[in-house]
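Dropping final_13.txt in here (compact mmCIF, C-alpha atoms):
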# COMPACT_ATOMS: atom_id res chain seq x y z
CA MET A 89 110.86 176.29 94.69
CA SER A 90 109.31 176.08 91.22
CA ASP A 91 109.80 178.77 88.57
CA PHE A 92 106.96 181.27 88.46
CA GLU A 93 105.28 184.07 86.56
CA SER A 94 102.69 186.51 87.93
CA LEU A 95 98.93 186.67 87.42
CA ASN A 96 96.78 189.76 87.89
CA LEU A 97 93.19 189.08 88.90
CA THR A 98 90.74 191.88 88.15
CA ARG A 99 87.16 192.67 89.04
CA ASN A 100 85.31 195.35 87.05
CA LYS A 101 88.63 196.46 85.51
CA ASN A 102 90.16 196.97 88.97
CA LYS A 103 93.10 194.81 89.95
CA ILE A 104 92.32 192.93 93.14
CA ALA A 105 95.23 190.48 93.42
CA ASP A 106 98.71 189.86 92.07
CA LEU A 107 99.44 186.12 92.32
CA LYS A 108 102.30 183.92 91.19
CA ILE A 109 101.97 181.16 88.60
CA LEU A 110 104.20 178.25 89.63
CA LYS A 111 105.68 176.00 86.96
CA GLY A 112 106.48 172.38 87.70
CA SER A 113 108.70 170.06 85.65
CA LEU A 114 105.63 168.29 84.17
CA GLY A 115 101.89 168.94 84.11
CA PRO A 116 99.85 172.14 84.17
CA ASP A 117 101.03 175.34 85.83
CA VAL A 118 99.34 176.26 89.12
CA ILE A 119 98.20 179.55 90.63
CA ASP A 120 99.77 180.22 94.02
CA ILE A 121 96.80 181.46 96.07
CA ARG A 122 98.53 181.65 99.45
CA GLN A 123 98.36 185.48 99.41
CA LEU A 124 94.84 185.64 97.96
CA TYR A 125 93.08 186.22 101.28
CA ASN A 126 95.62 188.83 102.42
CA GLN A 127 95.21 190.76 99.17
CA THR A 128 91.46 190.37 98.62
CA GLY A 129 89.75 189.06 101.75
CA LEU A 130 88.52 186.13 99.62
CA PHE A 131 89.07 182.36 99.78
CA THR A 132 88.75 179.87 96.94
CA TYR A 133 86.04 177.19 96.99
CA ASP A 134 87.10 173.73 95.80
CA PRO A 135 85.20 170.81 97.38
CA SER A 136 87.31 167.62 97.36
CA TYR A 137 90.31 169.69 96.21
CA GLY A 138 89.83 168.55 92.62
CA ALA A 139 91.47 171.70 91.25
CA THR A 140 93.86 172.49 94.10
CA SER A 141 97.50 171.49 94.58
CA SER A 142 97.92 170.72 98.27
CA CYS A 143 101.69 170.42 98.16
CA GLU A 144 104.83 170.48 96.05
CA SER A 145 106.11 166.94 95.39
CA SER A 146 108.78 165.26 93.27
CA ILE A 147 107.68 161.67 93.81
CA THR A 148 104.88 160.69 91.41
CA PHE A 149 103.42 162.24 88.27
CA ILE A 150 100.14 161.33 86.57
CA ASP A 151 98.79 162.53 83.23
CA GLY A 152 95.33 161.00 83.13
CA ASP A 153 94.51 162.20 79.62
CA LYS A 154 97.56 160.50 78.13
CA GLY A 155 97.59 157.47 80.44
CA ILE A 156 100.97 158.26 82.01
CA LEU A 157 102.19 157.28 85.48
CA LEU A 158 105.78 158.06 86.51
CA TYR A 159 107.62 157.17 89.73
CA ARG A 160 110.44 159.72 90.11
CA GLY A 161 110.35 160.12 86.32
CA TYR A 162 110.41 156.40 85.48
CA PRO A 163 107.39 155.03 83.52
CA ILE A 164 105.42 152.52 85.56
CA GLU A 165 105.50 150.05 82.66
CA GLN A 166 109.31 149.91 82.74
CA LEU A 167 109.41 149.44 86.50
CA ALA A 168 106.74 146.73 86.48
CA LYS A 169 108.61 144.78 83.78
CA ASN A 170 112.15 145.13 85.04
CA SER A 171 112.26 146.12 88.69
CA THR A 172 111.58 144.59 92.09
CA PHE A 173 109.33 146.03 94.74
CA LEU A 174 112.21 146.81 97.10
CA GLU A 175 114.07 148.57 94.27
CA VAL A 176 110.96 150.67 93.63
CA ALA A 177 110.66 151.33 97.36
CA TYR A 178 114.25 152.63 97.41
CA LEU A 179 113.48 154.79 94.37
CA LEU A 180 110.39 156.34 95.96
CA LEU A 181 112.17 157.00 99.24
CA ASN A 182 115.47 158.31 97.88
CA GLY A 183 114.71 159.75 94.45
CA GLU A 184 117.08 157.52 92.46
CA LEU A 185 117.39 153.83 91.64
CA PRO A 186 119.98 152.12 93.86
CA ASN A 187 123.32 150.78 92.72
CA LYS A 188 124.20 147.20 93.68
CA GLU A 189 125.70 148.11 97.03
CA ASN A 190 122.85 150.42 98.05
CA TYR A 191 120.28 147.83 97.00
CA LYS A 192 122.05 145.13 98.99
CA ILE A 193 122.09 147.28 102.14
CA PHE A 194 118.48 148.46 101.74
CA SER A 195 117.15 144.94 101.02
CA HIS A 196 119.00 143.61 104.06
CA ASN A 197 117.55 146.34 106.28
CA ILE A 198 114.02 145.50 105.16
CA ILE A 199 114.10 141.70 104.89
CA ASN A 200 115.97 141.26 108.18
CA HIS A 201 113.53 143.43 110.14
CA THR A 202 110.23 141.80 109.19
CA MET A 203 109.68 140.21 112.61
CA VAL A 204 107.42 142.11 115.00
CA ASN A 205 107.52 142.38 118.77
CA GLU A 206 106.25 139.14 120.31
CA GLN A 207 103.77 141.12 122.42
CA PHE A 208 101.76 141.69 119.24
CA LEU A 209 100.49 138.13 119.78
CA ASN A 210 98.64 139.32 122.89
CA PHE A 211 97.48 142.44 121.10
CA TYR A 212 95.88 140.44 118.28
CA GLN A 213 94.16 138.10 120.69
CA GLY A 214 92.11 141.03 121.96
CA PHE A 215 90.18 141.14 118.68
CA ARG A 216 87.11 139.09 117.87
CA ARG A 217 87.83 136.23 115.48
CA ASP A 218 85.47 137.72 112.89
CA ALA A 219 87.14 141.16 112.98
CA HIS A 220 87.81 142.57 109.52
CA PRO A 221 91.53 142.30 108.62
CA MET A 222 91.60 146.02 107.75
CA ALA A 223 90.33 146.87 111.24
CA ILE A 224 93.13 144.80 112.76
CA LEU A 225 95.81 146.22 110.44
CA CYS A 226 94.72 149.79 111.11
CA ALA A 227 94.89 149.26 114.87
CA ALA A 228 98.14 147.26 114.76
CA THR A 229 99.90 149.90 112.66
CA GLY A 230 98.92 152.63 115.07
CA ALA A 231 100.07 150.42 117.94
CA MET A 232 103.57 150.26 116.42
CA SER A 233 104.18 153.66 118.05
CA ALA A 234 103.78 151.94 121.42
CA PHE A 235 106.08 149.05 120.51
CA TYR A 236 108.70 151.09 118.64
CA ASN A 237 108.68 154.48 120.35
CA ASP A 238 112.48 154.68 119.95
CA SER A 239 111.90 155.74 116.31
CA ALA A 240 108.92 158.07 116.70
CA ASP A 241 110.81 161.38 116.92
CA ILE A 242 110.04 163.02 113.58
CA ASN A 243 112.72 165.69 114.14
CA ASP A 244 115.54 163.12 114.22
CA PRO A 245 116.60 162.21 110.63
CA GLN A 246 118.01 158.85 111.74
CA GLN A 247 114.81 157.93 113.57
CA ARG A 248 112.81 158.85 110.46
CA ILE A 249 114.87 156.38 108.43
CA ILE A 250 114.47 153.64 111.05
CA ALA A 251 110.70 154.23 111.28
CA SER A 252 110.40 154.18 107.49
CA ASN A 253 112.28 150.88 107.24
CA ARG A 254 110.25 149.37 110.07
CA LEU A 255 106.96 150.28 108.45
CA ILE A 256 107.94 148.83 105.06
CA ALA A 257 109.38 145.69 106.69
CA LYS A 258 106.71 144.97 109.29
CA ILE A 259 103.41 145.96 107.65
CA PRO A 260 103.38 142.73 105.53
CA THR A 261 103.92 140.70 108.71
CA LEU A 262 101.08 142.49 110.51
CA ALA A 263 98.86 142.08 107.44
CA ALA A 264 99.55 138.35 107.21
CA MET A 265 98.90 138.01 110.94
CA ALA A 266 95.55 139.77 110.48
CA TYR A 267 94.63 137.24 107.79
CA LYS A 268 95.76 134.24 109.82
CA TYR A 269 93.87 135.48 112.86
CA SER A 270 90.67 135.91 110.83
CA ILE A 271 90.75 132.27 109.68
CA GLY A 272 91.88 130.80 112.99
CA GLN A 273 95.30 129.57 111.86
CA PRO A 274 98.59 130.02 113.74
CA PHE A 275 100.82 132.94 112.85
CA ILE A 276 103.78 132.19 110.59
CA TYR A 277 107.10 133.86 111.30
CA PRO A 278 108.89 135.67 108.45
CA ASP A 279 111.56 133.84 106.46
CA ASN A 280 114.64 135.98 105.73
CA ASN A 281 115.70 133.62 102.94
CA LEU A 282 112.73 134.62 100.79
CA SER A 283 112.05 137.71 98.72
CA TYR A 284 109.59 140.34 99.95
CA PRO A 285 106.56 138.97 98.01
CA GLU A 286 107.51 135.31 98.56
CA ASN A 287 107.76 135.90 102.28
CA PHE A 288 104.36 137.58 102.37
CA LEU A 289 102.67 134.70 100.54
CA LYS A 290 104.33 132.17 102.83
CA MET A 291 103.16 134.03 105.94
CA CYS A 292 99.62 134.04 104.53
CA PHE A 293 99.28 130.51 103.12
CA SER A 294 101.73 128.16 104.83
CA VAL A 295 100.86 126.04 107.85
CA PRO A 296 103.24 124.44 110.40
CA THR A 297 102.21 120.91 109.43
CA GLN A 298 103.29 121.11 105.79
CA LYS A 299 106.31 122.29 103.87
CA TYR A 300 105.52 125.44 101.90
CA LYS A 301 106.36 125.47 98.20
CA SER A 302 106.81 128.86 96.60
CA GLN A 303 105.46 129.38 93.06
CA LYS A 304 107.35 132.00 91.07
CA ILE A 305 104.40 133.07 88.89
CA LEU A 306 102.36 133.83 92.00
CA SER A 307 105.13 135.69 93.83
CA ASP A 308 105.87 137.63 90.64
CA ALA A 309 102.18 138.55 90.41
CA ILE A 310 102.16 139.86 93.98
CA GLU A 311 105.39 141.76 93.28
CA LYS A 312 103.77 143.49 90.28
CA ILE A 313 100.64 144.29 92.26
CA PHE A 314 102.85 145.86 94.94
CA ILE A 315 104.84 147.88 92.38
CA LEU A 316 101.76 149.10 90.52
CA HIS A 317 100.06 150.20 93.75
CA ALA A 318 103.11 151.65 95.53
CA ASP A 319 102.12 155.29 95.00
CA HIS A 320 99.53 157.30 93.08
CA GLU A 321 100.13 160.97 93.75
CA GLN A 322 97.86 162.96 96.16
CA ASN A 323 94.93 160.57 96.48
CA ALA A 324 92.63 160.46 99.52
CA SER A 325 94.78 158.20 101.70
CA THR A 326 98.05 159.91 100.78
CA SER A 327 96.50 163.30 101.51
CA THR A 328 95.31 161.88 104.83
CA VAL A 329 98.84 160.79 105.72
CA ARG A 330 100.20 164.22 104.84
CA LEU A 331 97.48 166.06 106.76
CA ALA A 332 97.98 163.89 109.84
CA GLY A 333 101.74 164.28 109.53
CA SER A 334 101.49 168.06 109.26
CA SER A 335 100.40 168.17 112.91
CA GLY A 336 103.64 166.49 113.98
CA ALA A 337 102.06 163.10 114.65
CA ASN A 338 104.42 160.12 114.74
CA PRO A 339 104.85 158.16 111.48
CA PHE A 340 103.06 155.04 112.71
CA ALA A 341 99.93 157.05 113.56
CA CYS A 342 100.10 158.78 110.17
CA ILE A 343 100.27 155.52 108.22
CA SER A 344 97.44 154.12 110.35
CA ALA A 345 95.36 157.14 109.33
CA GLY A 346 96.18 156.40 105.70
CA ILE A 347 95.03 152.81 106.12
CA ALA A 348 91.74 154.03 107.60
CA SER A 349 91.21 156.31 104.59
CA LEU A 350 92.12 153.54 102.14
CA TRP A 351 89.52 151.28 103.76
CA GLY A 352 86.72 153.40 102.31
CA PRO A 353 84.92 151.62 99.43
CA ALA A 354 85.30 154.67 97.18
CA HIS A 355 89.09 154.41 97.46
CA GLY A 356 90.69 151.05 98.19
CA GLY A 357 87.69 148.78 97.74
CA ALA A 358 87.42 148.93 93.94
CA ASN A 359 88.91 145.49 93.27
CA GLU A 360 86.58 143.96 95.86
CA ALA A 361 83.67 145.69 94.08
CA VAL A 362 84.75 143.97 90.84
CA LEU A 363 84.32 140.54 92.42
CA ASN A 364 80.96 141.54 93.91
CA MET A 365 79.86 142.70 90.45
CA LEU A 366 80.91 139.39 88.88
CA ASN A 367 78.96 137.52 91.56
CA GLU A 368 75.92 139.62 90.69
CA ILE A 369 76.25 138.85 86.96
CA GLN A 370 76.70 135.15 87.85
CA ASN A 371 77.36 133.71 84.37
CA SER A 372 78.24 134.73 80.81
CA ASP A 373 74.65 134.34 79.63
CA ASN A 374 73.74 137.38 81.75
CA ILE A 375 76.46 139.71 80.43
CA SER A 376 74.31 141.34 77.74
CA LYS A 377 71.52 141.93 80.27
CA PHE A 378 73.87 143.64 82.70
CA LEU A 379 75.51 145.70 79.97
CA LYS A 380 72.05 147.01 79.17
CA LYS A 381 71.56 147.85 82.83
CA ALA A 382 74.94 149.65 82.87
CA ARG A 383 73.84 151.82 79.92
CA ASP A 384 70.65 152.82 81.76
CA LYS A 385 71.35 155.93 83.85
CA ASP A 386 68.29 155.22 85.99
CA ASP A 387 69.49 151.71 86.89
CA PRO A 388 71.59 151.52 90.10
CA PHE A 389 73.82 148.78 88.62
CA ARG A 390 77.34 149.99 87.86
CA LEU A 391 80.26 148.37 86.10
CA PHE A 392 83.30 148.24 88.33
CA GLY A 393 86.84 147.76 87.09
CA PHE A 394 86.35 149.71 83.86
CA GLY A 395 87.60 153.26 83.28
CA HIS A 396 89.21 155.39 85.98
CA ARG A 397 88.53 158.75 87.61
CA VAL A 398 92.06 159.98 86.85
CA TYR A 399 92.87 158.13 83.64
CA LYS A 400 90.75 159.25 80.69
CA ASN A 401 92.71 156.84 78.52
CA TYR A 402 93.96 153.31 79.23
CA ASP A 403 95.19 152.81 82.80
CA PRO A 404 98.95 152.29 82.26
CA ARG A 405 99.05 149.87 85.18
CA ALA A 406 96.42 147.65 83.59
CA THR A 407 98.61 146.70 80.63
CA GLU A 408 101.13 144.85 82.81
CA MET A 409 98.43 143.56 85.15
CA GLN A 410 96.52 142.01 82.25
CA LYS A 411 99.51 139.89 81.20
CA THR A 412 100.13 138.81 84.79
CA CYS A 413 96.46 137.98 85.27
CA HIS A 414 96.44 135.56 82.35
CA GLU A 415 99.69 133.93 83.54
CA VAL A 416 98.17 133.31 86.97
CA LEU A 417 94.92 131.96 85.55
CA ASP A 418 96.80 129.65 83.17
CA LEU A 419 98.86 128.30 86.07
CA LEU A 420 95.90 127.74 88.39
CA GLY A 421 93.38 126.59 85.79
CA ILE A 422 90.76 129.08 84.70
CA LYS A 423 88.22 126.38 83.81
CA LYS A 424 88.05 125.31 87.45
CA ASN A 425 86.63 128.69 88.51
CA PRO A 426 83.47 129.87 86.73
CA LEU A 427 83.76 133.35 88.25
CA LEU A 428 87.20 133.89 86.75
CA SER A 429 86.03 132.47 83.43
CA LEU A 430 83.20 135.01 83.49
CA ALA A 431 85.70 137.79 84.15
CA MET A 432 87.75 136.86 81.08
CA LYS A 433 84.63 136.84 78.89
CA LEU A 434 83.64 140.25 80.21
CA GLU A 435 87.16 141.52 79.50
CA LYS A 436 86.95 140.29 75.89
CA ILE A 437 83.62 142.04 75.36
CA ALA A 438 84.90 145.27 76.93
CA LEU A 439 87.83 145.38 74.54
CA GLU A 440 85.58 144.87 71.49
CA ASP A 441 82.23 146.47 72.34
CA GLU A 442 81.57 149.95 70.88
CA TYR A 443 79.93 151.14 74.12
CA PHE A 444 83.16 150.53 76.05
CA ILE A 445 85.49 151.70 73.28
CA GLU A 446 83.68 155.00 72.63
CA ARG A 447 83.70 155.87 76.33
CA LYS A 448 87.24 154.56 76.85
CA LEU A 449 85.97 152.17 79.51
CA TYR A 450 88.97 149.89 79.35
CA PRO A 451 89.63 147.33 82.10
CA ASN A 452 91.69 149.05 84.81
CA VAL A 453 94.20 147.78 87.34
CA ASP A 454 91.45 147.01 89.87
CA PHE A 455 89.71 144.67 87.43
CA TYR A 456 92.80 142.52 87.00
CA SER A 457 94.20 142.70 90.53
CA GLY A 458 90.90 141.55 92.02
CA ILE A 459 90.82 138.53 89.71
CA ILE A 460 94.46 137.68 90.50
CA LEU A 461 93.97 137.88 94.25
CA GLN A 462 90.81 135.77 94.03
CA ALA A 463 92.66 133.16 91.97
CA ILE A 464 95.58 133.01 94.39
CA GLY A 465 93.19 132.36 97.25
CA PHE A 466 92.75 135.64 99.10
CA PRO A 467 89.23 136.42 100.35
CA THR A 468 87.80 139.78 99.30
CA SER A 469 88.27 141.07 102.86
CA MET A 470 92.03 140.91 102.27
CA PHE A 471 92.08 142.83 98.98
CA THR A 472 92.38 146.26 100.56
CA VAL A 473 94.91 144.90 103.06
CA LEU A 474 97.24 143.99 100.20
CA PHE A 475 96.64 147.44 98.74
CA ALA A 476 97.75 148.91 102.08
CA VAL A 477 100.90 146.76 102.15
CA ALA A 478 101.89 148.11 98.73
CA ARG A 479 100.88 151.71 99.37
CA THR A 480 102.76 151.91 102.68
CA VAL A 481 105.93 152.63 100.68
CA GLY A 482 104.29 155.57 98.91
CA TRP A 483 102.78 156.89 102.13
CA VAL A 484 106.15 156.75 103.87
CA ALA A 485 107.88 158.50 100.97
CA GLN A 486 105.22 161.23 100.89
CA TRP A 487 105.34 161.63 104.68
CA LYS A 488 109.14 161.85 104.62
CA GLU A 489 109.05 164.45 101.82
CA MET A 490 106.51 166.54 103.74
CA ILE A 491 108.50 166.44 106.99
CA GLU A 492 111.65 167.56 105.18
CA ASP A 493 109.89 170.41 103.33
CA PRO A 494 110.93 173.73 104.93
CA ASN A 495 107.63 175.31 103.79
CA GLN A 496 105.53 172.65 105.53
CA ARG A 497 102.88 173.95 107.93
CA ILE A 498 100.00 172.25 109.72
CA GLY A 499 97.14 171.61 107.31
CA ARG A 500 94.14 173.86 107.91
CA PRO A 501 91.54 173.92 105.09
CA ARG A 502 89.07 176.81 105.11
CA GLN A 503 85.34 176.65 104.47
CA LEU A 504 82.37 178.43 102.93
CA TYR A 505 80.13 178.90 105.94
CA THR A 506 76.39 178.61 105.22
CA GLY A 507 74.99 178.30 108.76
CA PRO A 508 73.00 180.83 110.81
CA LYS A 509 74.34 184.32 111.33
CA LYS A 510 75.10 185.55 114.85
CA ARG A 511 72.09 185.28 117.17
CA ASN A 512 71.51 185.68 120.88
CA TYR A 513 70.78 182.94 123.35
CA LEU A 514 67.20 182.70 124.64
CA LYS A 515 66.29 180.98 127.87
CA ILE A 516 64.17 177.89 127.31
CA GLU A 517 61.02 179.60 128.69
CA LYS A 518 61.15 182.19 125.87
CA ARG A 519 61.66 179.78 122.95
CA ASN A 520 58.74 178.82 120.72
As structure tokens, how would this structure be written, given the file I've shared?
Amino acid sequence: MSDFESLNLTRNKNKIADLKILKGSLGPDVIDIRQLYNQTGLFTYDPSYGATSSCESSITFIDGDKGILLYRGYPIEQLAKNSTFLEVAYLLLNGELPNKENYKIFSHNIINHTMVNEQFLNFYQGFRRDAHPMAILCAATGAMSAFYNDSADINDPQQRIIASNRLIAKIPTLAAMAYKYSIGQPFIYPDNNLSYPENFLKMCFSVPTQKYKSQKILSDAIEKIFILHADHEQNASTSTVRLAGSSGANPFACISAGIASLWGPAHGGANEAVLNMLNEIQNSDNISKFLKKARDKDDPFRLFGFGHRVYKNYDPRATEMQKTCHEVLDLLGIKKNPLLSLAMKLEKIALEDEYFIERKLYPNVDFYSGIILQAIGFPTSMFTVLFAVARTVGWVAQWKEMIEDPNQRIGRPRQLYTGPKKRNYLKIEKRN
């Protein structure tokens, strides 16, 4: 438990509550309001929980004002430059970076368990061909509890580990199958000789009739996207996973709930919105016109991919993503794609224009990741799917932490009721 002080709340000079102030290792102190109702008969009111800590966690820390993102204390910039996704996954799950032996064992457990039950072939064939890949992934992840019910007992520590490894190993396979199904191509089995990102790209883009050639710049780009999106504190989807898990639901159902939450355009669809915005602008000659529209509060047009709700400074993930973005575009040929060329011109303006600079509207991670995924060849319908593949690691780590927390109880938010007061039932003949 965190260190704490006490806080006396008063009303008209009369003390009404004596609450603890909890101190974390980083970030602002928090007021422990768990005894507020018992002492005062009052609840707090905080729509969207913007000023409420829903849990105690040691996984991820964000300081939006300073542009800081830490995984278990490690700056995201250092991890993105030096680490691999599976090393980051081990870190998030276990709290420390692995030594060589631990990394070897963990990597083997993930890479050698990427195949899914063959009956998933029949399961996928029940979907329409035009089904959205996120709809398929959400359903398939939930269905894992039917295929792998031997690791669904949340009270068994060993089953929790097995379920965690299965989710991290098999979600990329299910995601690639969702993509292949949507375009009418045959499913590609995983290749245990490839790295985690290389394997995912092969499952998405190879075909049985041709030999697949891996490109390091592209697999490195996917690896960085996965690392940068692995966890992001108590966002909507992570909170959904924790809330679902607090009821005792199996881990596969909890992660499926997280995927459903991520699917919302206000959460996981930001990089898709960037591409839609670029399509609306159409060409560089229209940039000034659309910037004028963005400055007009009465105009519905909005700039996507600039600034961030949490980060009031530069998004620390965007720095690494920017470099990767330019490497990918140089490899694939930016001049061949007018949309990507437009994106680079908009980026240049954003970094030099006073309107952007004064408001700290720097390009964020969604701006660059959307461009990268478009350049690699993913349709916009797959953008959030890749987000889900990366975030599964964070969800699993957060779920595991919650299950192992001795103070964990079922989530039960309260409300400020504004409906009718008690009234008596009238038979229909007596109603006006």
Practice item. Calculate how many Å separate CA of Ala438 in chain A from CA of Asp153 in chain A, rounding to one decimal. Key: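 These two atoms are separated by 19.7 Å.
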Revision key, fill the gap. Computed gap from CA of Ser325 in chain A to CA of Ala382 in chain A is 28.7 Å
Review point. Which is closest to Phe131 in chain A among A:Phe208, A:Phe475, A:Tyr513, A:Tyr505, if we use only C-alpha atoms?
Key: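 Using only C-alpha atoms, the shortest distance to Phe131 in chain A belongs to A:Tyr505.
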Could you make a table, as JSON lines, of the residues of range 227-330 of chain A that have an atom within 12 Å of an atom of range 417-422 of chain A, each with its nearest atom pair and distance in Å to one decimal, counting only C-alpha atoms, in chain and number order?
{"residue": "A:Gln303", "atom": "CA", "partner": "A:Leu419", "partner_atom": "CA", "distance": 9.7}
{"residue": "A:Lys304", "atom": "CA", "partner": "A:Leu419", "partner_atom": "CA", "distance": 10.5}
{"residue": "A:Ile305", "atom": "CA", "partner": "A:Leu419", "partner_atom": "CA", "distance": 7.8}
{"residue": "A:Leu306", "atom": "CA", "partner": "A:Leu419", "partner_atom": "CA", "distance": 8.8}
{"residue": "A:Ala309", "atom": "CA", "partner": "A:Leu417", "partner_atom": "CA", "distance": 10.9}
Review point. Can you tell me how far CA of Asp120 in chain A sits from CA of Glu184 in chain A, in Å to one decimal?
Key: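 Interatomic distance here is 28.6 Å.
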Practice item. Considering only C-alpha atoms, return as a PyMOL selection string whatever protein or nucleic-acid residues lie within 9 Å of Tyr450 in chain A, sequence-local ones (same chain, fewer than 3 positions apart) excluded. Key: chain A and resi 393-396+401-403+406+435+438-439+444-445+447
Point to revise | Nearest-residue call for Met265 in chain A, choices A:Val473, A:Ile242, A:Val362, A:Ala345, using all atoms listed in the file | key: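 Closest residue, counting all atoms listed in the file: A:Val473.
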Review point. Got a sec: who's within 9 Å of range 458-465 of chain A, counting only C-alpha atoms, leaving out chain neighbours fewer than 2 positions off, as a ChimeraX atom specification?
Key: /A:293,306,309-310,358-363,393,409,412-414,416-417,420,422,425,427-428,431,453-456,467-468,470-471
Could you rebuild range 394-410 of chain A with N, CA, C and O atoms and give me the result as an mmCIF file, in the coordinates of the input?
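After the write, out-v1.cif holds the following:
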data_model
loop_
_atom_site.group_PDB
_atom_site.id
_atom_site.type_symbol
_atom_site.label_atom_id
_atom_site.label_comp_id
_atom_site.auth_asym_id
_atom_site.auth_seq_id
_atom_site.Cartn_x
_atom_site.Cartn_y
_atom_site.Cartn_z
ATOM 1 N N PHE A 394 86.215 149.192 85.218
ATOM 2 C CA PHE A 394 86.350 149.710 83.860
ATOM 3 C C PHE A 394 86.412 151.240 83.920
ATOM 4 O O PHE A 394 85.610 151.875 84.587
ATOM 5 N N GLY A 395 87.398 151.811 83.199
ATOM 6 C CA GLY A 395 87.600 153.260 83.280
ATOM 7 C C GLY A 395 88.241 153.632 84.596
ATOM 8 O O GLY A 395 88.493 152.787 85.471
ATOM 9 N N HIS A 396 88.542 154.910 84.766
ATOM 10 C CA HIS A 396 89.210 155.390 85.980
ATOM 11 C C HIS A 396 88.952 156.882 86.121
ATOM 12 O O HIS A 396 88.900 157.610 85.132
ATOM 13 N N ARG A 397 88.807 157.339 87.365
ATOM 14 C CA ARG A 397 88.530 158.750 87.610
ATOM 15 C C ARG A 397 89.668 159.637 87.097
ATOM 16 O O ARG A 397 89.438 160.716 86.559
ATOM 17 N N VAL A 398 90.908 159.178 87.266
ATOM 18 C CA VAL A 398 92.060 159.980 86.850
ATOM 19 C C VAL A 398 92.407 159.734 85.386
ATOM 20 O O VAL A 398 92.621 160.660 84.617
ATOM 21 N N TYR A 399 92.448 158.460 85.001
ATOM 22 C CA TYR A 399 92.870 158.130 83.640
ATOM 23 C C TYR A 399 91.689 158.202 82.676
ATOM 24 O O TYR A 399 90.730 157.444 82.785
ATOM 25 N N LYS A 400 91.781 159.115 81.720
ATOM 26 C CA LYS A 400 90.750 159.250 80.690
ATOM 27 C C LYS A 400 91.144 158.443 79.453
ATOM 28 O O LYS A 400 90.485 158.511 78.419
ATOM 29 N N ASN A 401 92.253 157.740 79.554
ATOM 30 C CA ASN A 401 92.710 156.840 78.520
ATOM 31 C C ASN A 401 92.925 155.496 79.209
ATOM 32 O O ASN A 401 92.400 155.268 80.286
ATOM 33 N N TYR A 402 93.714 154.616 78.626
ATOM 34 C CA TYR A 402 93.960 153.310 79.230
ATOM 35 C C TYR A 402 94.805 153.462 80.488
ATOM 36 O O TYR A 402 95.792 154.210 80.498
ATOM 37 N N ASP A 403 94.424 152.806 81.560
ATOM 38 C CA ASP A 403 95.190 152.810 82.800
ATOM 39 C C ASP A 403 96.537 152.140 82.519
ATOM 40 O O ASP A 403 96.581 150.948 82.201
ATOM 41 N N PRO A 404 97.654 152.878 82.623
ATOM 42 C CA PRO A 404 98.950 152.290 82.260
ATOM 43 C C PRO A 404 99.321 151.088 83.115
ATOM 44 O O PRO A 404 100.105 150.238 82.694
ATOM 45 N N ARG A 405 98.768 151.013 84.316
ATOM 46 C CA ARG A 405 99.050 149.870 85.180
ATOM 47 C C ARG A 405 98.342 148.618 84.724
ATOM 48 O O ARG A 405 98.784 147.491 84.993
ATOM 49 N N ALA A 406 97.226 148.792 84.004
ATOM 50 C CA ALA A 406 96.420 147.650 83.590
ATOM 51 C C ALA A 406 97.107 146.809 82.520
ATOM 52 O O ALA A 406 96.879 145.598 82.431
ATOM 53 N N THR A 407 97.942 147.426 81.699
ATOM 54 C CA THR A 407 98.610 146.700 80.630
ATOM 55 C C THR A 407 99.465 145.562 81.193
ATOM 56 O O THR A 407 99.373 144.412 80.744
ATOM 57 N N GLU A 408 100.292 145.876 82.189
ATOM 58 C CA GLU A 408 101.130 144.850 82.810
ATOM 59 C C GLU A 408 100.293 143.885 83.643
ATOM 60 O O GLU A 408 100.565 142.690 83.688
ATOM 61 N N MET A 409 99.256 144.408 84.295
ATOM 62 C CA MET A 409 98.430 143.560 85.150
ATOM 63 C C MET A 409 97.655 142.546 84.326
ATOM 64 O O MET A 409 97.414 141.431 84.777
ATOM 65 N N GLN A 410 97.259 142.927 83.118
ATOM 66 C CA GLN A 410 96.520 142.010 82.250
ATOM 67 C C GLN A 410 97.364 140.777 81.926
ATOM 68 O O GLN A 410 96.891 139.639 82.035
#
